[in-house]
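Asks: Structure file my_file.pdb (PDB, C-alpha atoms) right here:
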MODEL        1
ATOM      1  CA  MET A   1     -23.283 347.250  15.834
ATOM      2  CA  ALA A   2     -22.361 344.796  18.541
ATOM      3  CA  SER A   3     -24.945 342.121  19.071
ATOM      4  CA  SER A   4     -26.490 341.743  22.502
ATOM      5  CA  PRO A   5     -25.924 338.479  24.389
ATOM      6  CA  ASP A   6     -28.602 335.815  24.080
ATOM      7  CA  LEU A   7     -31.071 335.667  26.972
ATOM      8  CA  PRO A   8     -32.843 332.498  28.058
ATOM      9  CA  SER A   9     -36.370 332.304  26.768
ATOM     10  CA  ALA A  10     -39.387 331.148  28.754
ATOM     11  CA  GLY A  11     -39.181 327.678  27.237
ATOM     12  CA  ASN A  12     -35.455 327.170  27.774
ATOM     13  CA  THR A  13     -33.028 327.074  30.683
ATOM     14  CA  PRO A  14     -29.337 327.857  30.762
ATOM     15  CA  ASP A  15     -26.819 325.074  30.228
ATOM     16  CA  THR A  16     -26.160 323.015  33.329
ATOM     17  CA  PRO A  17     -22.667 323.781  34.583
ATOM     18  CA  GLY A  18     -20.266 321.006  33.748
ATOM     19  CA  SER A  19     -22.526 319.625  31.044
ATOM     20  CA  ASP A  20     -21.987 319.822  27.299
ATOM     21  CA  THR A  21     -25.680 319.511  26.562
ATOM     22  CA  PRO A  22     -28.208 322.181  27.511
ATOM     23  CA  SER A  23     -31.234 321.057  29.534
ATOM     24  CA  ASP A  24     -34.536 321.685  27.778
ATOM     25  CA  THR A  25     -36.772 321.149  30.858
ATOM     26  CA  PRO A  26     -36.381 322.263  34.445
ATOM     27  CA  ASN A  27     -35.450 319.638  37.059
ATOM     28  CA  THR A  28     -38.590 319.282  39.184
ATOM     29  CA  ALA A  29     -37.823 315.934  40.828
ATOM     30  CA  GLY A  30     -36.959 317.456  44.195
ATOM     31  CA  THR A  31     -39.993 319.732  44.186
ATOM     32  CA  SER A  32     -42.341 316.898  43.219
ATOM     33  CA  ALA A  33     -41.032 314.559  45.900
ATOM     34  CA  GLY A  34     -41.232 317.287  48.512
ATOM     35  CA  GLY A  35     -44.811 318.057  47.486
ATOM     36  CA  GLU A  36     -45.795 314.427  47.710
ATOM     37  CA  ARG A  37     -44.182 314.085  51.139
ATOM     38  CA  ARG A  38     -45.936 317.183  52.419
ATOM     39  CA  GLY A  39     -49.226 315.879  50.987
ATOM     40  CA  ARG A  40     -48.816 312.543  52.701
ATOM     41  CA  VAL A  41     -47.998 314.209  56.045
ATOM     42  CA  ARG A  42     -51.094 316.418  55.800
ATOM     43  CA  ALA A  43     -53.248 313.389  54.949
ATOM     44  CA  ARG A  44     -51.877 311.436  57.902
ATOM     45  CA  ARG A  45     -52.488 314.346  60.275
ATOM     46  CA  ALA A  46     -56.061 314.681  59.033
ATOM     47  CA  ALA A  47     -56.631 310.945  59.505
ATOM     48  CA  VAL A  48     -55.275 311.019  63.062
ATOM     49  CA  MET A  49     -57.504 313.960  63.964
ATOM     50  CA  ALA A  50     -60.539 312.139  62.566
ATOM     51  CA  VAL A  51     -59.991 308.949  64.586
ATOM     52  CA  PRO A  52     -61.564 310.010  67.929
ATOM     53  CA  ALA A  53     -64.726 311.336  66.288
ATOM     54  CA  THR A  54     -64.991 308.234  64.127
ATOM     55  CA  LEU A  55     -64.670 305.917  67.128
ATOM     56  CA  VAL A  56     -67.341 307.722  69.121
ATOM     57  CA  ALA A  57     -69.793 307.847  66.212
ATOM     58  CA  ALA A  58     -69.224 304.210  65.320
ATOM     59  CA  GLY A  59     -71.082 302.849  68.375
ATOM     60  CA  LEU A  60     -71.849 299.229  67.619
ATOM     61  CA  ALA A  61     -69.289 299.182  64.810
ATOM     62  CA  VAL A  62     -66.558 299.618  67.415
ATOM     63  CA  LEU A  63     -67.752 296.553  69.276
ATOM     64  CA  THR A  64     -68.003 294.576  66.057
ATOM     65  CA  ALA A  65     -64.395 295.389  65.195
ATOM     66  CA  GLN A  66     -63.321 294.096  68.599
ATOM     67  CA  GLY A  67     -65.264 290.846  68.155
ATOM     68  CA  ALA A  68     -67.987 291.623  70.689
ATOM     69  CA  LEU A  69     -70.810 291.500  68.161
ATOM     70  CA  GLY A  70     -71.305 288.816  65.555
ATOM     71  CA  VAL A  71     -73.132 291.196  63.215
ATOM     72  CA  GLN A  72     -73.264 294.953  62.989
ATOM     73  CA  PHE A  73     -76.839 296.214  62.844
ATOM     74  CA  ALA A  74     -78.902 299.374  63.010
ATOM     75  CA  ILE A  75     -81.176 299.507  66.046
ATOM     76  CA  SER A  76     -84.926 299.832  65.579
ATOM     77  CA  GLY A  77     -85.121 302.761  67.988
ATOM     78  CA  MET A  78     -87.792 300.968  70.046
ATOM     79  CA  PRO A  79     -86.626 300.429  73.651
ATOM     80  CA  PHE A  80     -87.354 297.164  75.455
ATOM     81  CA  THR A  81     -87.388 296.248  79.131
ATOM     82  CA  VAL A  82     -85.332 293.429  80.644
ATOM     83  CA  THR A  83     -85.680 292.210  84.223
ATOM     84  CA  ALA A  84     -84.198 289.350  86.244
ATOM     85  CA  THR A  85     -84.351 288.463  89.905
ATOM     86  CA  GLU A  86     -80.598 287.922  89.811
ATOM     87  CA  LEU A  87     -77.682 288.289  87.394
ATOM     88  CA  ASN A  88     -74.252 286.789  88.074
ATOM     89  CA  GLY A  89     -71.342 287.432  85.751
ATOM     90  CA  THR A  90     -67.593 286.978  85.400
ATOM     91  CA  GLY A  91     -65.558 289.420  83.349
ATOM     92  CA  PHE A  92     -67.523 292.687  83.516
ATOM     93  CA  GLU A  93     -66.978 295.931  81.589
ATOM     94  CA  GLN A  94     -69.056 299.086  81.175
ATOM     95  CA  PHE A  95     -68.589 302.224  79.043
ATOM     96  CA  GLY A  96     -70.553 304.828  77.089
ATOM     97  CA  GLY A  97     -71.299 304.933  73.376
ATOM     98  CA  LEU A  98     -73.814 305.682  70.645
ATOM     99  CA  ASP A  99     -76.309 303.413  68.884
ATOM    100  CA  ASN A 100     -77.533 304.305  65.411
ATOM    101  CA  MET A 101     -80.927 303.735  63.807
ATOM    102  CA  ALA A 102     -81.475 302.878  60.162
ATOM    103  CA  GLU A 103     -81.518 305.926  57.911
ATOM    104  CA  GLY A 104     -85.006 307.403  57.742
ATOM    105  CA  SER A 105     -86.275 305.475  60.777
ATOM    106  CA  PRO A 106     -89.698 306.766  61.918
ATOM    107  CA  ASN A 107     -88.470 306.331  65.517
ATOM    108  CA  ALA A 108     -85.640 308.850  65.120
ATOM    109  CA  GLY A 109     -87.720 311.879  66.158
ATOM    110  CA  ASP A 110     -85.402 314.822  66.832
ATOM    111  CA  SER A 111     -82.527 312.572  67.940
ATOM    112  CA  GLY A 112     -80.894 312.419  64.525
ATOM    113  CA  GLY A 113     -81.234 308.641  64.652
ATOM    114  CA  GLN A 114     -78.744 308.251  67.506
ATOM    115  CA  VAL A 115     -79.196 307.103  71.101
ATOM    116  CA  LEU A 116     -76.648 307.751  73.850
ATOM    117  CA  ILE A 117     -76.224 304.451  75.687
ATOM    118  CA  VAL A 118     -74.144 302.631  78.291
ATOM    119  CA  THR A 119     -72.718 299.323  77.057
ATOM    120  CA  SER A 120     -72.339 296.538  79.624
ATOM    121  CA  ALA A 121     -70.215 293.565  78.523
ATOM    122  CA  ILE A 122     -70.030 290.295  80.471
ATOM    123  CA  LYS A 123     -67.850 287.372  79.438
ATOM    124  CA  HIS A 124     -70.022 284.723  81.138
ATOM    125  CA  ALA A 125     -73.442 285.456  82.692
ATOM    126  CA  THR A 126     -76.371 283.632  84.286
ATOM    127  CA  LEU A 127     -79.806 285.167  84.870
ATOM    128  CA  THR A 128     -82.661 283.916  87.030
ATOM    129  CA  LYS A 129     -86.275 284.499  85.926
ATOM    130  CA  LEU A 130     -85.484 286.552  82.855
ATOM    131  CA  CYS A 131     -88.258 288.718  81.421
ATOM    132  CA  GLN A 132     -88.131 290.843  78.265
ATOM    133  CA  SER A 133     -90.948 292.987  76.910
ATOM    134  CA  VAL A 134     -91.455 295.399  74.022
ATOM    135  CA  ASP A 135     -94.314 297.915  74.039
ATOM    136  CA  LEU A 136     -95.938 297.675  70.594
ATOM    137  CA  GLY A 137     -98.593 300.276  71.359
ATOM    138  CA  GLY A 138    -101.607 298.788  73.111
ATOM    139  CA  THR A 139     -99.973 295.381  73.609
ATOM    140  CA  ASN A 140     -96.620 293.974  74.668
ATOM    141  CA  LEU A 141     -94.484 291.238  73.162
ATOM    142  CA  LEU A 142     -93.400 289.297  76.243
ATOM    143  CA  ILE A 143     -90.568 286.749  76.536
ATOM    144  CA  THR A 144     -89.776 284.809  79.727
ATOM    145  CA  ALA A 145     -87.183 282.112  80.482
ATOM    146  CA  GLY A 146     -85.168 280.614  83.304
ATOM    147  CA  SER A 147     -88.037 280.357  85.762
ATOM    148  CA  GLY A 148     -87.306 276.714  86.627
ATOM    149  CA  SER A 149     -84.253 275.007  88.068
ATOM    150  CA  GLU A 150     -82.078 275.853  85.047
ATOM    151  CA  LYS A 151     -80.977 279.474  84.634
ATOM    152  CA  VAL A 152     -80.576 281.513  81.490
ATOM    153  CA  SER A 153     -76.909 281.577  80.464
ATOM    154  CA  ALA A 154     -74.939 283.685  78.001
ATOM    155  CA  THR A 155     -71.354 284.135  76.820
ATOM    156  CA  ASP A 156     -69.944 287.365  75.391
ATOM    157  CA  LEU A 157     -73.115 289.166  76.444
ATOM    158  CA  THR A 158     -73.471 292.879  75.667
ATOM    159  CA  THR A 159     -76.403 295.164  76.441
ATOM    160  CA  ASP A 160     -76.833 298.771  75.302
ATOM    161  CA  SER A 161     -78.935 300.511  77.958
ATOM    162  CA  THR A 162     -80.301 303.943  78.760
ATOM    163  CA  GLU A 163     -81.390 302.893  82.263
ATOM    164  CA  LEU A 164     -80.163 300.209  84.674
ATOM    165  CA  SER A 165     -81.132 299.593  88.292
ATOM    166  CA  GLY A 166     -80.738 296.914  90.955
ATOM    167  CA  ASP A 167     -78.636 295.959  93.971
ATOM    168  CA  ALA A 168     -75.099 295.498  92.657
ATOM    169  CA  ALA A 169     -71.891 294.011  94.061
ATOM    170  CA  PHE A 170     -68.499 293.886  92.289
ATOM    171  CA  ASN A 171     -65.207 292.113  92.981
ATOM    172  CA  ASN A 172     -61.913 293.851  92.137
ATOM    173  CA  ILE A 173     -63.582 296.778  90.439
ATOM    174  CA  GLU A 174     -61.593 299.420  88.543
ATOM    175  CA  ILE A 175     -63.327 302.758  87.928
ATOM    176  CA  GLY A 176     -62.112 305.449  85.547
ATOM    177  CA  ASN A 177     -60.311 303.288  82.979
ATOM    178  CA  ASP A 178     -59.943 304.459  79.401
ATOM    179  CA  ALA A 179     -62.446 302.283  77.533
ATOM    180  CA  SER A 180     -59.842 301.343  74.919
ATOM    181  CA  THR A 181     -57.740 299.579  77.595
ATOM    182  CA  LEU A 182     -60.387 297.242  79.075
ATOM    183  CA  THR A 183     -59.412 293.584  79.502
ATOM    184  CA  LYS A 184     -62.004 291.759  81.632
ATOM    185  CA  ALA A 185     -64.640 290.840  79.002
ATOM    186  CA  GLY A 186     -62.605 290.947  75.789
ATOM    187  CA  VAL A 187     -64.271 294.157  74.567
ATOM    188  CA  LYS A 188     -62.531 297.481  73.965
ATOM    189  CA  GLY A 189     -64.541 300.678  73.766
ATOM    190  CA  PRO A 190     -63.731 304.067  72.208
ATOM    191  CA  ILE A 191     -60.460 305.717  73.218
ATOM    192  CA  GLY A 192     -60.846 308.611  75.648
ATOM    193  CA  VAL A 193     -64.180 307.328  77.027
ATOM    194  CA  PHE A 194     -64.732 306.789  80.766
ATOM    195  CA  SER A 195     -65.290 303.163  81.769
ATOM    196  CA  GLN A 196     -65.113 300.615  84.566
ATOM    197  CA  GLN A 197     -64.455 296.888  84.841
ATOM    198  CA  ALA A 198     -64.496 294.135  87.467
ATOM    199  CA  ASP A 199     -63.646 290.463  87.871
ATOM    200  CA  THR A 200     -67.235 289.578  88.849
ATOM    201  CA  VAL A 201     -70.621 291.273  89.109
ATOM    202  CA  ARG A 202     -73.837 290.353  90.911
ATOM    203  CA  ILE A 203     -77.041 292.379  90.455
ATOM    204  CA  ALA A 204     -80.208 291.468  92.340
ATOM    205  CA  ASN A 205     -83.581 292.789  91.134
ATOM    206  CA  LEU A 206     -82.084 293.801  87.781
ATOM    207  CA  ARG A 207     -84.078 296.144  85.574
ATOM    208  CA  GLN A 208     -82.840 297.602  82.281
ATOM    209  CA  THR A 209     -84.159 299.752  79.468
ATOM    210  CA  ASN A 210     -82.246 298.469  76.441
ATOM    211  CA  TYR A 211     -81.889 299.279  72.768
ATOM    212  CA  ALA A 212     -79.700 296.314  71.804
ATOM    213  CA  THR A 213     -78.565 292.988  73.230
ATOM    214  CA  THR A 214     -76.111 290.536  71.694
ATOM    215  CA  ALA A 215     -74.415 287.335  72.832
ATOM    216  CA  GLY A 216     -72.091 284.733  71.407
ATOM    217  CA  VAL A 217     -74.255 281.997  72.951
ATOM    218  CA  PHE A 218     -77.637 282.618  74.627
ATOM    219  CA  LYS A 219     -79.426 279.680  76.273
ATOM    220  CA  LEU A 220     -83.051 280.258  77.342
ATOM    221  CA  PRO A 221     -84.478 277.223  79.179
ATOM    222  CA  GLY A 222     -88.274 277.240  79.511
ATOM    223  CA  LEU A 223     -88.638 279.945  76.836
ATOM    224  CA  LYS A 224     -92.144 281.399  76.442
ATOM    225  CA  LEU A 225     -93.118 284.068  73.912
ATOM    226  CA  ARG A 226     -96.549 285.666  73.931
ATOM    227  CA  PHE A 227     -98.523 288.898  73.718
ATOM    228  CA  SER A 228     -99.606 290.485  76.987
ATOM    229  CA  ASP A 229    -101.502 293.533  78.229
ATOM    230  CA  SER A 230     -98.616 294.317  80.585
ATOM    231  CA  GLY A 231     -94.832 294.251  80.248
ATOM    232  CA  CYS A 232     -92.085 293.157  82.622
TER
ENDMDL
END
Turn this file's structure into structure tokens for me.
Replies:
Amino acid sequence: MASSPDLPSAGNTPDTPGSDTPSDTPNTAGTSAGGERRGRVRARRAAVMAVPATLVAAGLAVLTAQGALGVQFAISGMPFTVTATELNGTGFEQFGGLDNMAEGSPNAGDSGGQVLIVTSAIKHATLTKLCQSVDLGGTNLLITAGSGSEKVSATDLTTDSTELSGDAAFNNIEIGNDASTLTKAGVKGPIGVFSQQADTVRIANLRQTNYATTAGVFKLPGLKLRFSDSGC
């Protein structure tokens, strides 16, 4: 009987045309490279999509990366009041963000440990008759400074506030900027976030409810710290 032609088995492949030696393993180089390329593209797309959410959730970490804060920290979740009869600043920026409490903070309540805040950044600021108070439950920790001839001064000042009031005046103000493009105070906020900036700012009868304040340099002439029955 005539023998049937040999068929390739599962473990072998036909001879490569033009080659005297049969190939024992399939050539998977092109498939592997293509798979790796597709994997890298998918990873890059996922990373790009994650960037906006990461920036918004970062809060203070965003400012730290831009050099606004010397140290990244978790807020206590206890608000404090700041008042001044007058604030004057050069290089002003303002945008929204999130502050984060330490994990398991008893002050988190139902907030998830996050506070929606407005960050104000001022390159150089002076404040007259500064007062800061923290309600400790039955008593207040009170700090005052700048009540004499010398004013309180700060550089690279940032405040994270939930409330701000006073009589304000701005020079060369820009409203509606993307926070990632700000230039006046050297701070850049999250991309896609509404913001404003101005060359100078003056606020009379300033009153703020803050969760965080930082400064590169903070000079407090005539500083007094004490406990008091009333706050600022």
Asks: Which of these residues is nearest to A:Gln94, using all atoms listed in the file: A:Ala204, A:Cys131, A:Ala145, A:Ala185?
Replies: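 Using all atoms listed in the file, the shortest distance to A:Gln94 belongs to A:Ala185.
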Asks: Suppose a student applies the PyMOL selection byres ((chain A and resi 226-231) around 10) to this structure; what residues should they get, written as number ranges by chain?
Replies: A: 80-82, 131-136, 138-144, 224-225, 232
Asks: I need the output of the PyMOL selection byres ((chain A and resi 115) around 6) for this file as number ranges by chain; which residues are they?
Replies: A: 98-99, 114, 116
Asks: A:Ala215, A:Val201, A:Ile117, A:Val187: which is nearest A:Ala169, counting all atoms listed in the file?
Replies: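 Using all atoms listed in the file, the shortest distance to A:Ala169 belongs to A:Val201.
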Asks: Any chance you could resolve the PyMOL selection byres ((chain A and resi 193) around 6) against this file and give the residues as an MDAnalysis selection string?
Replies: chainID A and resid 178:179 190:192 194
Asks: Pick out the residues sitting within 10 Å of A:Ser149, and hand them over as an MDAnalysis selection string; count only C-alpha atoms, and ignore anything fewer than 3 positions along from it in its own chain.
Replies: chainID A and resid 128:129 146 152 221:222
Asks: For a quick check of understanding, using only C-alpha atoms, which of A:Thr200, A:Thr126, A:Thr209, A:Thr83 has the smallest distance to A:Leu157?
Replies: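 When distances to A:Leu157 are compared using only C-alpha atoms, the smallest one comes from A:Thr126.
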Asks: What is the distance between atom CA of A:Glu174 and atom CA of A:Gln196, in Å to one decimal?
Replies: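 Straight-line distance from atom CA of A:Glu174 to atom CA of A:Gln196 works out to 5.4 Å.
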Asks: Around stretch 199-202 of chain A, fit a box with edges along x, y and z, padding it by 4 Å on each side, then list its centre and edge lengths in Å to one decimal as lines of an AutoDock Vina configuration file.
Replies:
center_x = -68.7
center_y = 290.4
center_z = 89.4
size_x = 18.2
size_y = 9.7
size_z = 11.0
Asks: Atom CA of A:Asn172 and atom CA of A:Gly189 are how many Å apart?
Replies: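 Separating atom CA of A:Asn172 from atom CA of A:Gly189 is a distance of 19.8 Å.
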Asks: Would you mind telling me which residue in A:Thr181, A:Asn88, A:Thr213, A:Ser147 lies nearest to A:Leu130 when using only C-alpha atoms?
Replies: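 Closest residue, counting only C-alpha atoms: A:Ser147.
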Asks: As an exercise, work out the distance from atom CA of A:Lys151 to atom CA of A:Leu127 in Å and give it to one decimal place.
Replies: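 Atom CA of A:Leu127 lies 5.8 Å from atom CA of A:Lys151.
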